[in-house]
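What follows is a set of notes on a single structure, which appears directly below.
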Amino acid sequence: MGDAKRARPPTLKDLAREAGVSLTSASYAINGTGSVGPKTRAHILDVAKRIGFRLNLSAKSMKSGRSGMLALIIPDLGNPFFAALVQAVFREARAAGYQIYMTNTEGSEEIEAEALAMAVGLRVDGLIWFSIRDKDTSDGILSNTPTVVLDRTVPGYDTVSVDYLEAGRLAGQYLLERGHSRIGIVSGPLDIASMRDRCAGVVEAFRKGGEIVFNLENSFSLDLEPIVKARLIEDRPTAVFAGADIIAIGVIRFAQTQGLAVPADLSVLGFDDIDLASLTQPQLSTCEIPIEHLAGRALQTLVARIKGRDDAIQSLLVESRVIERESVARLLPLLPVEAGHAVRSDGTCQ
């Protein structure tokens with residue numbers, strides 16, 4: 001053992017010398033700032049990885065007052081939607097020069113409050129918060145931490161969300177245009193404003209013509225409530241709008257166990273466009289939540305706050321669209337005739 005000395009970690013000067021660049025360029029590349037070109041930045045980062053250079057976040061924080069860290073608080077990593085969202089936020093954060101500390105609150109307001117306190121204690125530069133419900137559980141501890149609420153409505157914070165009311169209208173119009181004038185709605189938990197809005201949009205679209213034979217609530221789960229199963233069989237709508245893809249997949253699975261073919265006997269339209277939507281049999285038609293766009297706008301808004309933007313609280317909305325796959329059939333259109341009957345376009349009466 002004797003005189004052996006432990007090698008010191010490489011410094012920024014070591015990195016600059018090894019990469020053949022100035023100390024300033026090395027600093028710009030590592031910190032994601034300045035005007036270093038993309039090829040030079042990539043070269044410097046490759047050299048940093050090779051020599052084992054690590055940015056001293058504590059020193060950086062003391063010098064700049066910033067840690068280079070953001071916190072991401074989400075409610076349910078078991079839901080495929082949130083898994084995809086986390087990946088998108090991580091990509092956007094890295095592109096902006098930030099690292100992410102993430103906590104899954106598992107649907108618990110107690111864990112959520114603890115996670116928010118932990119993030120503040122870590123002195124993160126900012127926070128992206130996908131709250132469990134439209135409720136502020138922070139108890140005021142975020143007053144000095146730039147925060148963006150994602151996809152929820154919590155007063156007092158910048159928010160980035162989807163225009164869910166308009167998305168619901170588009171979903172309802174899509175079903176009507178394909179001849180589905182008698183549908184059921186299976187929403188997710190209605191204590192969430194975004195869920196209420198998307199379902200309200202469908203209802204609004206159907207006021208122009210059509211019937212909603214049931215409007216029932218279900219958890220974010222493949223497993224359907226007994227009342228939902230019963231009404232699917234008893235009322236026999238031609239289509240179901242599900243407030244989330246995970247519920248829509250549960251509807252498809254249940255329908256198939258009852259001998260119903262999707263979409264021939266029952267059409268199903270989801271909401272989210274999770275990865276599983278394109279892997280179901282049949283592939284799920286759904287309304288897209290543009291996750292990459294949502295994450296990008298959230299990061300842009302948060303970084304602007306971190307850099308000192310002091311204008312009014314913003315509420316930003318992004319647009320949705322219907323992703324047409326295989327789970328919604330196009331019914332034969334009905335043509336009006338005398339005596340209150342209707343004739344299908346193939347000539348048969350109804």
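Chain lettering (A, B, ...) mirrors the order of the structure tokens, residue numbering begins at 1 for each chain separately, and ligand numbering begins at 1 in order of display.
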Produce a table with one row for each residue of range 146-261 of chain A that has an atom at most 10 Å from any atom of range 304-321 of chain A, each row naming the nearest atom pair and its distance in Å at one decimal; use only C-alpha atoms; arrange rows by chain and rising residue number; format as a tab-separated table.
residue	atom	partner	partner_atom	distance
A:Pro146	CA	A:Arg305	CA	5.9
A:Thr147	CA	A:Arg305	CA	8.0
A:Val148	CA	A:Arg305	CA	9.0
A:Val149	CA	A:Ser315	CA	9.4
A:Leu150	CA	A:Leu316	CA	9.9
A:Asp151	CA	A:Leu317	CA	9.2
A:Thr153	CA	A:Ser315	CA	9.0
A:Pro155	CA	A:Ile313	CA	9.2
A:Gly156	CA	A:Ile313	CA	7.0
A:Tyr157	CA	A:Ile313	CA	6.2
A:Asp158	CA	A:Gln314	CA	4.8
A:Thr159	CA	A:Ser315	CA	4.8
A:Val160	CA	A:Leu316	CA	4.8
A:Ser161	CA	A:Leu317	CA	5.0
A:Val162	CA	A:Val318	CA	4.7
A:Asp163	CA	A:Leu317	CA	5.4
A:Tyr164	CA	A:Ser320	CA	7.8
A:Glu166	CA	A:Ser320	CA	8.1
A:Ala167	CA	A:Ser320	CA	5.6
A:Gly168	CA	A:Ser320	CA	9.2
A:Leu170	CA	A:Arg321	CA	7.4
A:Ala171	CA	A:Arg321	CA	8.4
For the residues selected in the previous step, produce a file with all heavy atoms as a compact mmCIF listing (two decimals), in the first residue's frame.
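Saved to result21.txt:
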# COMPACT_ATOMS: atom_id res chain seq x y z
N PRO A 146 -39.34 28.19 -8.51
CA PRO A 146 -40.08 28.26 -9.76
C PRO A 146 -40.75 26.91 -10.05
O PRO A 146 -40.10 25.86 -10.01
CB PRO A 146 -39.01 28.58 -10.80
CG PRO A 146 -37.93 29.27 -10.01
CD PRO A 146 -37.93 28.59 -8.67
N THR A 147 -42.06 26.95 -10.33
CA THR A 147 -42.83 25.71 -10.46
C THR A 147 -43.78 25.80 -11.64
O THR A 147 -44.44 26.82 -11.84
CB THR A 147 -43.65 25.44 -9.18
OG1 THR A 147 -42.75 25.30 -8.07
CG2 THR A 147 -44.49 24.19 -9.31
N VAL A 148 -43.85 24.73 -12.41
CA VAL A 148 -44.83 24.59 -13.48
C VAL A 148 -45.68 23.36 -13.19
O VAL A 148 -45.14 22.27 -12.97
CB VAL A 148 -44.17 24.45 -14.86
CG1 VAL A 148 -45.21 24.14 -15.94
CG2 VAL A 148 -43.43 25.73 -15.23
N VAL A 149 -46.99 23.55 -13.15
CA VAL A 149 -47.91 22.44 -12.96
C VAL A 149 -48.28 21.88 -14.33
O VAL A 149 -48.66 22.63 -15.23
CB VAL A 149 -49.17 22.89 -12.20
CG1 VAL A 149 -50.22 21.78 -12.18
CG2 VAL A 149 -48.80 23.29 -10.77
N LEU A 150 -48.15 20.58 -14.46
CA LEU A 150 -48.36 19.93 -15.75
C LEU A 150 -49.69 19.20 -15.77
O LEU A 150 -49.97 18.35 -14.90
CB LEU A 150 -47.22 18.94 -15.99
CG LEU A 150 -46.97 18.41 -17.40
CD1 LEU A 150 -46.76 19.55 -18.38
CD2 LEU A 150 -45.76 17.49 -17.41
N ASP A 151 -50.56 19.58 -16.71
CA ASP A 151 -51.79 18.84 -17.00
C ASP A 151 -52.81 18.84 -15.86
O ASP A 151 -53.70 18.00 -15.82
CB ASP A 151 -51.45 17.40 -17.38
CG ASP A 151 -52.47 16.84 -18.36
OD1 ASP A 151 -52.73 17.50 -19.36
OD2 ASP A 151 -52.98 15.73 -18.13
N THR A 153 -54.94 21.69 -12.86
CA THR A 153 -55.31 23.07 -12.57
C THR A 153 -55.09 23.33 -11.09
O THR A 153 -55.90 22.93 -10.25
CB THR A 153 -56.78 23.32 -12.94
OG1 THR A 153 -56.99 23.00 -14.32
CG2 THR A 153 -57.15 24.77 -12.72
N PRO A 155 -54.26 26.61 -8.73
CA PRO A 155 -54.12 28.08 -8.76
C PRO A 155 -52.77 28.55 -8.22
O PRO A 155 -52.22 27.95 -7.29
CB PRO A 155 -55.27 28.55 -7.87
CG PRO A 155 -56.26 27.43 -7.89
CD PRO A 155 -55.44 26.18 -7.98
N GLY A 156 -52.26 29.62 -8.84
CA GLY A 156 -51.05 30.25 -8.35
C GLY A 156 -49.77 29.80 -9.02
O GLY A 156 -48.68 30.28 -8.67
N TYR A 157 -49.87 28.87 -9.99
CA TYR A 157 -48.69 28.37 -10.67
C TYR A 157 -48.88 28.46 -12.18
O TYR A 157 -50.01 28.36 -12.69
CB TYR A 157 -48.42 26.90 -10.31
CG TYR A 157 -48.23 26.65 -8.83
CD1 TYR A 157 -49.30 26.23 -8.05
CD2 TYR A 157 -46.99 26.83 -8.24
CE1 TYR A 157 -49.13 25.99 -6.68
CE2 TYR A 157 -46.82 26.58 -6.88
CZ TYR A 157 -47.89 26.17 -6.11
OH TYR A 157 -47.72 25.94 -4.77
N ASP A 158 -47.76 28.60 -12.91
CA ASP A 158 -47.83 28.41 -14.36
C ASP A 158 -48.31 27.00 -14.64
O ASP A 158 -47.91 26.04 -13.96
CB ASP A 158 -46.44 28.59 -14.99
CG ASP A 158 -45.96 30.03 -14.95
OD1 ASP A 158 -46.76 30.93 -15.23
OD2 ASP A 158 -44.77 30.24 -14.63
N THR A 159 -49.17 26.84 -15.64
CA THR A 159 -49.67 25.52 -16.01
C THR A 159 -49.51 25.29 -17.50
O THR A 159 -49.64 26.22 -18.31
CB THR A 159 -51.15 25.33 -15.62
OG1 THR A 159 -51.94 26.28 -16.33
CG2 THR A 159 -51.36 25.52 -14.14
N VAL A 160 -49.23 24.06 -17.86
CA VAL A 160 -49.18 23.65 -19.26
C VAL A 160 -50.07 22.41 -19.38
O VAL A 160 -49.85 21.42 -18.67
CB VAL A 160 -47.75 23.32 -19.73
CG1 VAL A 160 -47.76 22.90 -21.19
CG2 VAL A 160 -46.84 24.54 -19.54
N SER A 161 -51.06 22.48 -20.23
CA SER A 161 -52.03 21.39 -20.32
C SER A 161 -52.56 21.28 -21.74
O SER A 161 -52.18 22.05 -22.63
CB SER A 161 -53.19 21.66 -19.34
OG SER A 161 -54.06 20.56 -19.29
N VAL A 162 -53.43 20.32 -21.95
CA VAL A 162 -54.12 20.13 -23.23
C VAL A 162 -55.46 20.86 -23.17
O VAL A 162 -56.06 20.99 -22.10
CB VAL A 162 -54.33 18.62 -23.50
CG1 VAL A 162 -55.23 18.38 -24.70
CG2 VAL A 162 -52.99 17.92 -23.69
N ASP A 163 -55.93 21.34 -24.30
CA ASP A 163 -57.27 21.91 -24.38
C ASP A 163 -58.26 20.74 -24.39
O ASP A 163 -58.72 20.29 -25.44
CB ASP A 163 -57.41 22.76 -25.64
CG ASP A 163 -58.71 23.54 -25.68
OD1 ASP A 163 -59.63 23.21 -24.91
OD2 ASP A 163 -58.82 24.47 -26.49
N TYR A 164 -58.57 20.25 -23.19
CA TYR A 164 -59.35 19.02 -23.08
C TYR A 164 -60.79 19.17 -23.53
O TYR A 164 -61.38 18.23 -24.06
CB TYR A 164 -59.29 18.49 -21.65
CG TYR A 164 -57.97 17.84 -21.34
CD1 TYR A 164 -57.05 18.48 -20.51
CD2 TYR A 164 -57.63 16.60 -21.87
CE1 TYR A 164 -55.82 17.89 -20.22
CE2 TYR A 164 -56.42 16.01 -21.59
CZ TYR A 164 -55.52 16.66 -20.77
OH TYR A 164 -54.31 16.07 -20.50
N GLU A 166 -61.92 21.06 -25.96
CA GLU A 166 -61.92 20.98 -27.42
C GLU A 166 -61.57 19.57 -27.88
O GLU A 166 -62.13 19.07 -28.87
CB GLU A 166 -60.93 21.99 -27.99
CG GLU A 166 -60.82 21.99 -29.51
CD GLU A 166 -62.14 22.30 -30.20
OE1 GLU A 166 -63.02 22.95 -29.59
OE2 GLU A 166 -62.30 21.88 -31.37
N ALA A 167 -60.66 18.91 -27.18
CA ALA A 167 -60.31 17.53 -27.54
C ALA A 167 -61.51 16.62 -27.42
O ALA A 167 -61.74 15.74 -28.25
CB ALA A 167 -59.17 17.04 -26.65
N GLY A 168 -62.32 16.82 -26.36
CA GLY A 168 -63.54 16.03 -26.20
C GLY A 168 -64.53 16.28 -27.33
O GLY A 168 -65.18 15.35 -27.82
N LEU A 170 -63.78 17.14 -30.37
CA LEU A 170 -63.25 16.45 -31.54
C LEU A 170 -63.55 14.95 -31.48
O LEU A 170 -63.89 14.33 -32.49
CB LEU A 170 -61.74 16.67 -31.64
CG LEU A 170 -61.27 18.08 -32.01
CD1 LEU A 170 -59.75 18.17 -31.93
CD2 LEU A 170 -61.74 18.45 -33.42
N ALA A 171 -63.42 14.37 -30.29
CA ALA A 171 -63.70 12.94 -30.12
C ALA A 171 -65.17 12.65 -30.40
O ALA A 171 -65.51 11.69 -31.12
CB ALA A 171 -63.34 12.50 -28.70
- Task: With a distance cut-off of 9 Å and only C-alpha atoms, select the neighbouring residues of Ile291 in chain A, excluding the residue or stretch itself and same-chain residues fewer than 4 positions from it, and output the selection as an MDAnalysis selection string.
- Result: chainID A and resid 81 84:85 88:89 272 295:296
Using N, CA, C and O atoms, can you export the residues from the last selection as a PDB file, in the first residue's frame?
ATOM      1  N   PHE A  81     -48.865   6.051 -19.443  1.00  0.00           N
ATOM      2  CA  PHE A  81     -48.823   7.453 -19.857  1.00  0.00           C
ATOM      3  C   PHE A  81     -47.719   8.205 -19.132  1.00  0.00           C
ATOM      4  O   PHE A  81     -46.954   8.964 -19.724  1.00  0.00           O
ATOM      5  N   ALA A  84     -44.116   7.358 -20.263  1.00  0.00           N
ATOM      6  CA  ALA A  84     -43.740   8.064 -21.493  1.00  0.00           C
ATOM      7  C   ALA A  84     -43.474   9.540 -21.217  1.00  0.00           C
ATOM      8  O   ALA A  84     -42.547  10.137 -21.786  1.00  0.00           O
ATOM      9  N   LEU A  85     -44.273  10.135 -20.341  1.00  0.00           N
ATOM     10  CA  LEU A  85     -44.087  11.548 -20.007  1.00  0.00           C
ATOM     11  C   LEU A  85     -42.741  11.776 -19.327  1.00  0.00           C
ATOM     12  O   LEU A  85     -42.034  12.746 -19.626  1.00  0.00           O
ATOM     13  N   ALA A  88     -39.993  11.907 -21.817  1.00  0.00           N
ATOM     14  CA  ALA A  88     -40.015  13.156 -22.586  1.00  0.00           C
ATOM     15  C   ALA A  88     -39.442  14.309 -21.772  1.00  0.00           C
ATOM     16  O   ALA A  88     -38.674  15.125 -22.289  1.00  0.00           O
ATOM     17  N   VAL A  89     -39.808  14.404 -20.496  1.00  0.00           N
ATOM     18  CA  VAL A  89     -39.289  15.477 -19.643  1.00  0.00           C
ATOM     19  C   VAL A  89     -37.780  15.338 -19.466  1.00  0.00           C
ATOM     20  O   VAL A  89     -37.042  16.334 -19.515  1.00  0.00           O
ATOM     21  N   ASP A 272     -55.307   9.495 -24.776  1.00  0.00           N
ATOM     22  CA  ASP A 272     -53.921   9.576 -24.275  1.00  0.00           C
ATOM     23  C   ASP A 272     -52.928   9.283 -25.389  1.00  0.00           C
ATOM     24  O   ASP A 272     -51.950   9.970 -25.550  1.00  0.00           O
ATOM     25  N   ALA A 295     -44.144  18.339 -22.716  1.00  0.00           N
ATOM     26  CA  ALA A 295     -42.896  18.404 -21.958  1.00  0.00           C
ATOM     27  C   ALA A 295     -42.045  19.590 -22.398  1.00  0.00           C
ATOM     28  O   ALA A 295     -41.447  20.286 -21.562  1.00  0.00           O
ATOM     29  N   GLY A 296     -41.997  19.831 -23.702  1.00  0.00           N
ATOM     30  CA  GLY A 296     -41.202  20.943 -24.216  1.00  0.00           C
ATOM     31  C   GLY A 296     -41.693  22.290 -23.723  1.00  0.00           C
ATOM     32  O   GLY A 296     -40.905  23.140 -23.290  1.00  0.00           O
TER      33      GLY A 296
END
Practice task
Write down as a ChimeraX atom specification the residues of range 96-249 of chain A whose backbone DSSP state falls under strand (DSSP E or B).
Solution key: /A:99-104,126-129,147-150,158-162,182-187,211-217,239-242
Leu176 in chain A surroundings by only C-alpha atoms, 9 Å radius, close-in-sequence under 4 positions cut, as an MDAnalysis selection string
chainID A and resid 171:172 180:182 205:206 209:210
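Taking only C-alpha atoms, the non-local environment of Val186 in chain A within 8 Å (same-chain residues fewer than 2 positions away omitted) comprises A:Gly184, A:Gly188, A:Asn215, A:Leu216, A:Glu217, A:Asn218, A:Val228, A:Val240, A:Phe241, A:Ala242, A:Gly243, A:Ile247.
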Take the selection from the previous step and output its residues with N, CA, C and O atoms, as an mmCIF file, in the first residue's frame.
data_model
loop_
_atom_site.group_PDB
_atom_site.id
_atom_site.type_symbol
_atom_site.label_atom_id
_atom_site.label_comp_id
_atom_site.auth_asym_id
_atom_site.auth_seq_id
_atom_site.Cartn_x
_atom_site.Cartn_y
_atom_site.Cartn_z
ATOM 1 N N GLY A 184 -71.753 5.187 -25.219
ATOM 2 C CA GLY A 184 -71.556 5.258 -23.785
ATOM 3 C C GLY A 184 -70.239 5.945 -23.495
ATOM 4 O O GLY A 184 -69.319 5.934 -24.320
ATOM 5 N N GLY A 188 -62.507 8.479 -16.536
ATOM 6 C CA GLY A 188 -61.646 8.231 -15.396
ATOM 7 C C GLY A 188 -62.189 8.994 -14.200
ATOM 8 O O GLY A 188 -63.311 9.526 -14.243
ATOM 9 N N ASN A 215 -73.104 7.365 -18.799
ATOM 10 C CA ASN A 215 -71.908 8.180 -18.545
ATOM 11 C C ASN A 215 -71.418 7.786 -17.165
ATOM 12 O O ASN A 215 -71.917 8.263 -16.149
ATOM 13 N N LEU A 216 -70.443 6.866 -17.112
ATOM 14 C CA LEU A 216 -70.024 6.222 -15.871
ATOM 15 C C LEU A 216 -68.555 6.489 -15.578
ATOM 16 O O LEU A 216 -67.759 6.743 -16.480
ATOM 17 N N GLU A 217 -68.218 6.391 -14.307
ATOM 18 C CA GLU A 217 -66.860 6.671 -13.842
ATOM 19 C C GLU A 217 -66.140 5.359 -13.525
ATOM 20 O O GLU A 217 -66.740 4.412 -13.019
ATOM 21 N N ASN A 218 -64.832 5.326 -13.827
ATOM 22 C CA ASN A 218 -64.016 4.147 -13.553
ATOM 23 C C ASN A 218 -62.641 4.620 -13.090
ATOM 24 O O ASN A 218 -62.221 5.724 -13.419
ATOM 25 N N VAL A 228 -70.191 -0.701 -14.966
ATOM 26 C CA VAL A 228 -69.749 -0.456 -16.346
ATOM 27 C C VAL A 228 -69.935 -1.727 -17.177
ATOM 28 O O VAL A 228 -70.464 -1.687 -18.299
ATOM 29 N N VAL A 240 -68.050 3.240 -27.468
ATOM 30 C CA VAL A 240 -67.729 3.750 -26.135
ATOM 31 C C VAL A 240 -66.585 4.745 -26.263
ATOM 32 O O VAL A 240 -65.582 4.474 -26.948
ATOM 33 N N PHE A 241 -66.755 5.902 -25.633
ATOM 34 C CA PHE A 241 -65.631 6.820 -25.445
ATOM 35 C C PHE A 241 -65.081 6.578 -24.060
ATOM 36 O O PHE A 241 -65.803 6.688 -23.064
ATOM 37 N N ALA A 242 -63.796 6.226 -23.963
ATOM 38 C CA ALA A 242 -63.138 5.998 -22.677
ATOM 39 C C ALA A 242 -62.232 7.185 -22.382
ATOM 40 O O ALA A 242 -61.485 7.646 -23.246
ATOM 41 N N GLY A 243 -62.281 7.666 -21.142
ATOM 42 C CA GLY A 243 -61.534 8.860 -20.780
ATOM 43 C C GLY A 243 -60.034 8.688 -20.716
ATOM 44 O O GLY A 243 -59.300 9.664 -20.596
ATOM 45 N N ILE A 247 -58.304 2.582 -19.686
ATOM 46 C CA ILE A 247 -59.702 2.175 -19.517
ATOM 47 C C ILE A 247 -60.236 1.608 -20.828
ATOM 48 O O ILE A 247 -60.951 0.594 -20.834
#
Of A:Phe214, A:Leu142, A:Lys135, A:Arg50, the one nearest to Asp191 in chain A when counting only C-alpha atoms is A:Lys135
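Within range 206-257 of chain A, DSSP applied to the backbone places the following residues in alpha helix (DSSP H): Phe206, Pro226, Ile227, Val228, Lys229, Ala230, Arg231, Leu232, Ile233, Glu234, Asp235, Asp245, Ile246, Ile247, Ala248, Ile249, Gly250, Val251, Ile252, Arg253, Phe254, Ala255, Gln256 and Thr257 of chain A.
The shortest atom-to-atom distance to Arg231 in chain A, with only C-alpha atoms taken into account, belongs to A:Ile185 out of A:Ile44, A:Leu269, A:Ile274, A:Ile185.
Going from CA of Glu326 in chain A over to CA of Gly250 in chain A, you cover 15.9 Å.
With CA of Gly201 in chain A on one side and CA of Val268 in chain A on the other, the separation reads 16.7 Å.
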